[in-house]
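Shown next: structure_10.pdb, containing PDB, C-alpha atoms and all ligand atoms.
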ATOM      1  CA  MET A  79      -4.154-120.727  -1.176  1.00  0.00           C
ATOM      2  CA  PRO A  80      -4.170-117.032  -2.211  1.00  0.00           C
ATOM      3  CA  ALA A  81      -1.633-114.900  -0.331  1.00  0.00           C
ATOM      4  CA  GLU A  82      -4.385-112.777   1.238  1.00  0.00           C
ATOM      5  CA  THR A  83      -6.190-115.861   2.629  1.00  0.00           C
ATOM      6  CA  GLU A  84      -2.901-117.218   3.896  1.00  0.00           C
ATOM      7  CA  THR A  85      -2.258-113.935   5.750  1.00  0.00           C
ATOM      8  CA  THR A  86      -5.733-114.124   7.320  1.00  0.00           C
ATOM      9  CA  VAL A  87      -5.204-117.748   8.386  1.00  0.00           C
ATOM     10  CA  THR A  88      -1.828-116.866   9.895  1.00  0.00           C
ATOM     11  CA  ALA A  89      -3.377-113.915  11.768  1.00  0.00           C
ATOM     12  CA  LEU A  90      -6.236-116.091  13.062  1.00  0.00           C
ATOM     13  CA  ARG A  91      -3.828-118.800  14.204  1.00  0.00           C
ATOM     14  CA  ALA A  92      -1.842-116.173  16.111  1.00  0.00           C
ATOM     15  CA  GLU A  93      -5.062-114.879  17.694  1.00  0.00           C
ATOM     16  CA  VAL A  94      -6.170-118.382  18.736  1.00  0.00           C
ATOM     17  CA  SER A  95      -2.736-119.015  20.186  1.00  0.00           C
ATOM     18  CA  ARG A  96      -2.960-115.730  22.163  1.00  0.00           C
ATOM     19  CA  LEU A  97      -6.386-116.710  23.501  1.00  0.00           C
ATOM     20  CA  ARG A  98      -5.154-120.176  24.475  1.00  0.00           C
ATOM     21  CA  ALA A  99      -2.185-118.619  26.306  1.00  0.00           C
ATOM     22  CA  ALA A 100      -4.563-116.245  28.149  1.00  0.00           C
ATOM     23  CA  LEU A 101      -6.762-119.193  29.166  1.00  0.00           C
ATOM     24  CA  LYS A 102      -3.734-121.108  30.436  1.00  0.00           C
ATOM     25  CA  LYS A 103      -2.678-118.043  32.450  1.00  0.00           C
ATOM     26  CA  SER A 104      -6.108-117.948  34.096  1.00  0.00           C
ATOM     27  CA  LYS A 105      -5.368-121.255  35.835  1.00  0.00           C
ATOM     28  CA  ARG A 106      -5.267-120.822  39.594  1.00  0.00           C
ATOM     29  CA  SER A 107      -3.156-122.192  42.399  1.00  0.00           C
ATOM     30  CA  HIS A 108      -4.714-123.360  45.648  1.00  0.00           C
ATOM     31  CA  TYR A 109      -5.616-120.828  48.291  1.00  0.00           C
ATOM     32  CA  TYR A 110      -2.942-120.054  50.866  1.00  0.00           C
ATOM     33  CA  CYS A 111      -3.474-118.154  54.106  1.00  0.00           C
ATOM     34  CA  GLU A 112      -0.816-117.171  56.640  1.00  0.00           C
ATOM     35  CA  ASP A 113      -3.141-118.792  59.142  1.00  0.00           C
ATOM     36  CA  ALA A 114      -2.807-122.267  57.641  1.00  0.00           C
ATOM     37  CA  TRP A 115      -6.134-123.219  59.209  1.00  0.00           C
ATOM     38  CA  TYR A 116      -7.809-121.472  56.270  1.00  0.00           C
ATOM     39  CA  SER A 117      -5.531-122.706  53.456  1.00  0.00           C
ATOM     40  CA  CYS A 118      -6.814-125.140  50.843  1.00  0.00           C
ATOM     41  CA  PRO A 119      -5.833-128.731  51.751  1.00  0.00           C
ATOM     42  CA  LYS A 120      -4.299-129.108  48.274  1.00  0.00           C
ATOM     43  CA  HIS A 121      -1.959-126.135  48.693  1.00  0.00           C
ATOM     44  CA  PRO A 122       1.657-127.458  48.861  1.00  0.00           C
ATOM     45  CA  GLU A 123       1.950-126.236  52.455  1.00  0.00           C
ATOM     46  CA  GLY A 124      -1.293-127.936  53.368  1.00  0.00           C
ATOM     47  CA  CYS A 125      -4.071-126.980  55.718  1.00  0.00           C
ATOM     48  CA  ALA A 126      -3.797-126.971  59.506  1.00  0.00           C
ATOM     49  CA  ASN A 127      -7.431-128.035  59.855  1.00  0.00           C
ATOM     50  CA  GLU A 128      -7.236-131.812  59.533  1.00  0.00           C
ATOM     51  CA  TYR A 129     -11.036-132.105  59.601  1.00  0.00           C
ATOM     52  CA  THR A 130     -11.391-130.289  56.294  1.00  0.00           C
ATOM     53  CA  GLY A 131     -10.367-133.377  54.282  1.00  0.00           C
ATOM     54  CA  LYS A 132      -7.886-133.684  51.453  1.00  0.00           C
ATOM     55  CA  ASP A 133      -9.931-132.279  48.571  1.00  0.00           C
ATOM     56  CA  CYS A 134      -9.655-128.789  47.140  1.00  0.00           C
ATOM     57  CA  ASN A 135     -12.059-126.411  48.863  1.00  0.00           C
ATOM     58  CA  CYS A 136     -10.928-123.161  47.235  1.00  0.00           C
ATOM     59  CA  GLY A 137     -12.351-123.724  43.755  1.00  0.00           C
ATOM     60  CA  ALA A 138      -8.971-123.950  41.986  1.00  0.00           C
ATOM     61  CA  ASP A 139      -9.419-127.590  40.922  1.00  0.00           C
ATOM     62  CA  ARG A 140     -12.901-126.870  39.574  1.00  0.00           C
ATOM     63  CA  TRP A 141     -11.777-123.752  37.695  1.00  0.00           C
ATOM     64  CA  ASN A 142      -8.654-125.437  36.272  1.00  0.00           C
ATOM     65  CA  ALA A 143     -10.696-128.433  35.095  1.00  0.00           C
ATOM     66  CA  TYR A 144     -13.105-126.017  33.400  1.00  0.00           C
ATOM     67  CA  VAL A 145     -10.202-124.239  31.669  1.00  0.00           C
ATOM     68  CA  ASP A 146      -8.739-127.602  30.587  1.00  0.00           C
ATOM     69  CA  GLY A 147     -12.135-128.466  29.100  1.00  0.00           C
ATOM     70  CA  LEU A 148     -12.234-125.209  27.162  1.00  0.00           C
ATOM     71  CA  LEU A 149      -8.689-125.723  25.911  1.00  0.00           C
ATOM     72  CA  ALA A 150      -9.509-129.274  24.783  1.00  0.00           C
ATOM     73  CA  GLU A 151     -12.698-128.095  23.065  1.00  0.00           C
ATOM     74  CA  ALA A 152     -10.822-125.407  21.148  1.00  0.00           C
ATOM     75  CA  ALA A 153      -7.682-127.456  20.547  1.00  0.00           C
ATOM     76  CA  PRO A 154      -6.073-126.639  17.221  1.00  0.00           C
ATOM     77  CA  ARG A 155      -6.571-129.411  14.708  1.00  0.00           C
ATOM     78  CA  ASP A 156      -3.431-131.364  13.994  1.00  0.00           C
ATOM     79  CA  GLU A 157      -2.255-130.210  10.557  1.00  0.00           C
ATOM     80  CA  THR A 158      -1.281-133.700   9.344  1.00  0.00           C
ATOM     81  CA  THR A 159      -4.627-135.154  10.497  1.00  0.00           C
ATOM     82  CA  ALA A 160      -6.472-132.351   8.674  1.00  0.00           C
ATOM     83  CA  GLU A 161      -4.583-133.063   5.460  1.00  0.00           C
ATOM     84  CA  GLN A 162      -5.404-136.758   5.608  1.00  0.00           C
ATOM     85  CA  ARG A 163      -9.169-136.090   5.573  1.00  0.00           C
TER      86      ARG A 163
HETATM   87 ZN    ZN B 201      -7.823-125.643  46.276  1.00  0.00          ZN
END
Representation of the structure as structure tokens:
Amino acid sequence: MPAETETTVTALRAEVSRLRAALKKSKRSHYYCEDAWYSCPKHPEGCANEYTGKDCNCGADRWNAYVDGLLAEAAPRDETTAEQR
């Protein structure tokens, strides 16, 4: 690989890695409110409203699953696997 191409590939890999890190940082924790009645049931401190169920109602699970999907879609190809093709 010519040195110039190698530099470009290295720069692109760094960029992809930065974008992946930014995506990971966008993951959310469950909503917490001082008045625990309004907290998400999946927050570690729980929700005081027992009628709200046990599922996430703040959108964090949905958002984090979406981010996981994006990360999986844009997962870097394993170098050894790529060489074997
Ligand atoms: Zn939640």
Within-9 Å residues of ligand ZN 201 (chain B), basis all atoms listed in the file, as a PyMOL selection string: chain A and resi 106-110+117-121+133-140
Pairwise distance for CA of Leu149 in chain A and CA of Met79 in chain A, rounded to one decimal in Å: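 Taking CA of Leu149 in chain A as the start and CA of Met79 in chain A as the end point, the length is 27.9 Å.
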Long-range neighbours of Leu148 in chain A as JSON, numbers by chain, 12 Å cut-off, only C-alpha atoms, 2 positions minimum in chain: {"A": [97, 98, 100, 101, 102, 104, 105, 141, 142, 143, 144, 145, 146, 150, 151, 152, 153, 154]}
Residue contacts of Tyr116 in chain A (8 Å, all atoms listed in the file) excluding same-chain residues fewer than 5 positions away, as a ChimeraX atom specification: /A:110-111,125-127
Å distance separating CA of Ser95 in chain A from CA of Arg155 in chain A, one decimal place: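 Computed distance, CA of Ser95 in chain A to CA of Arg155 in chain A, equals 12.4 Å.
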CA of Thr85 in chain A to CA of Lys103 in chain A, distance in Å rounded to a single decimal: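 Between these atoms lies a distance of 27.0 Å.
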Reconstruct N, CA and C atoms of range 85-109 of chain A; output as a PDB file, keeping the file's coordinate frame.
ATOM      1  N   THR A  85      -2.538-114.947   4.727  1.00  0.00           N
ATOM      2  CA  THR A  85      -2.258-113.935   5.750  1.00  0.00           C
ATOM      3  C   THR A  85      -3.345-113.965   6.814  1.00  0.00           C
ATOM      4  N   THR A  86      -4.612-114.073   6.384  1.00  0.00           N
ATOM      5  CA  THR A  86      -5.733-114.124   7.320  1.00  0.00           C
ATOM      6  C   THR A  86      -5.627-115.348   8.215  1.00  0.00           C
ATOM      7  N   VAL A  87      -5.333-116.500   7.619  1.00  0.00           N
ATOM      8  CA  VAL A  87      -5.204-117.748   8.386  1.00  0.00           C
ATOM      9  C   VAL A  87      -4.081-117.617   9.398  1.00  0.00           C
ATOM     10  N   THR A  88      -2.961-117.055   8.982  1.00  0.00           N
ATOM     11  CA  THR A  88      -1.828-116.866   9.895  1.00  0.00           C
ATOM     12  C   THR A  88      -2.224-115.948  11.047  1.00  0.00           C
ATOM     13  N   ALA A  89      -2.943-114.861  10.733  1.00  0.00           N
ATOM     14  CA  ALA A  89      -3.377-113.915  11.768  1.00  0.00           C
ATOM     15  C   ALA A  89      -4.344-114.594  12.732  1.00  0.00           C
ATOM     16  N   LEU A  90      -5.267-115.396  12.216  1.00  0.00           N
ATOM     17  CA  LEU A  90      -6.236-116.091  13.062  1.00  0.00           C
ATOM     18  C   LEU A  90      -5.544-117.110  13.956  1.00  0.00           C
ATOM     19  N   ARG A  91      -4.569-117.828  13.389  1.00  0.00           N
ATOM     20  CA  ARG A  91      -3.828-118.800  14.204  1.00  0.00           C
ATOM     21  C   ARG A  91      -3.125-118.104  15.349  1.00  0.00           C
ATOM     22  N   ALA A  92      -2.537-116.936  15.077  1.00  0.00           N
ATOM     23  CA  ALA A  92      -1.842-116.173  16.111  1.00  0.00           C
ATOM     24  C   ALA A  92      -2.836-115.739  17.182  1.00  0.00           C
ATOM     25  N   GLU A  93      -4.032-115.322  16.755  1.00  0.00           N
ATOM     26  CA  GLU A  93      -5.062-114.879  17.694  1.00  0.00           C
ATOM     27  C   GLU A  93      -5.511-116.032  18.591  1.00  0.00           C
ATOM     28  N   VAL A  94      -5.755-117.194  17.975  1.00  0.00           N
ATOM     29  CA  VAL A  94      -6.170-118.382  18.736  1.00  0.00           C
ATOM     30  C   VAL A  94      -5.082-118.745  19.744  1.00  0.00           C
ATOM     31  N   SER A  95      -3.847-118.675  19.305  1.00  0.00           N
ATOM     32  CA  SER A  95      -2.736-119.015  20.186  1.00  0.00           C
ATOM     33  C   SER A  95      -2.659-118.032  21.357  1.00  0.00           C
ATOM     34  N   ARG A  96      -2.936-116.732  21.092  1.00  0.00           N
ATOM     35  CA  ARG A  96      -2.960-115.730  22.163  1.00  0.00           C
ATOM     36  C   ARG A  96      -4.076-116.038  23.163  1.00  0.00           C
ATOM     37  N   LEU A  97      -5.251-116.400  22.636  1.00  0.00           N
ATOM     38  CA  LEU A  97      -6.386-116.710  23.501  1.00  0.00           C
ATOM     39  C   LEU A  97      -6.116-117.949  24.346  1.00  0.00           C
ATOM     40  N   ARG A  98      -5.488-118.954  23.727  1.00  0.00           N
ATOM     41  CA  ARG A  98      -5.154-120.176  24.475  1.00  0.00           C
ATOM     42  C   ARG A  98      -4.157-119.855  25.592  1.00  0.00           C
ATOM     43  N   ALA A  99      -3.179-119.002  25.291  1.00  0.00           N
ATOM     44  CA  ALA A  99      -2.185-118.619  26.306  1.00  0.00           C
ATOM     45  C   ALA A  99      -2.871-117.876  27.451  1.00  0.00           C
ATOM     46  N   ALA A 100      -3.842-116.995  27.120  1.00  0.00           N
ATOM     47  CA  ALA A 100      -4.563-116.245  28.149  1.00  0.00           C
ATOM     48  C   ALA A 100      -5.364-117.199  29.028  1.00  0.00           C
ATOM     49  N   LEU A 101      -6.000-118.198  28.408  1.00  0.00           N
ATOM     50  CA  LEU A 101      -6.762-119.193  29.166  1.00  0.00           C
ATOM     51  C   LEU A 101      -5.841-119.950  30.117  1.00  0.00           C
ATOM     52  N   LYS A 102      -4.682-120.359  29.593  1.00  0.00           N
ATOM     53  CA  LYS A 102      -3.734-121.108  30.436  1.00  0.00           C
ATOM     54  C   LYS A 102      -3.287-120.257  31.616  1.00  0.00           C
ATOM     55  N   LYS A 103      -3.105-118.939  31.372  1.00  0.00           N
ATOM     56  CA  LYS A 103      -2.678-118.043  32.450  1.00  0.00           C
ATOM     57  C   LYS A 103      -3.751-117.879  33.516  1.00  0.00           C
ATOM     58  N   SER A 104      -5.013-118.133  33.141  1.00  0.00           N
ATOM     59  CA  SER A 104      -6.108-117.948  34.096  1.00  0.00           C
ATOM     60  C   SER A 104      -6.195-119.105  35.095  1.00  0.00           C
ATOM     61  N   LYS A 105      -5.351-120.130  34.895  1.00  0.00           N
ATOM     62  CA  LYS A 105      -5.368-121.255  35.835  1.00  0.00           C
ATOM     63  C   LYS A 105      -4.916-120.755  37.207  1.00  0.00           C
ATOM     64  N   ARG A 106      -5.512-121.302  38.240  1.00  0.00           N
ATOM     65  CA  ARG A 106      -5.267-120.822  39.594  1.00  0.00           C
ATOM     66  C   ARG A 106      -4.479-121.823  40.412  1.00  0.00           C
ATOM     67  N   SER A 107      -3.771-121.296  41.430  1.00  0.00           N
ATOM     68  CA  SER A 107      -3.156-122.192  42.399  1.00  0.00           C
ATOM     69  C   SER A 107      -4.074-122.232  43.620  1.00  0.00           C
ATOM     70  N   HIS A 108      -3.837-123.181  44.490  1.00  0.00           N
ATOM     71  CA  HIS A 108      -4.714-123.360  45.648  1.00  0.00           C
ATOM     72  C   HIS A 108      -4.522-122.250  46.670  1.00  0.00           C
ATOM     73  N   TYR A 109      -5.609-121.927  47.335  1.00  0.00           N
ATOM     74  CA  TYR A 109      -5.616-120.828  48.291  1.00  0.00           C
ATOM     75  C   TYR A 109      -4.633-121.067  49.433  1.00  0.00           C
TER      76      TYR A 109
END
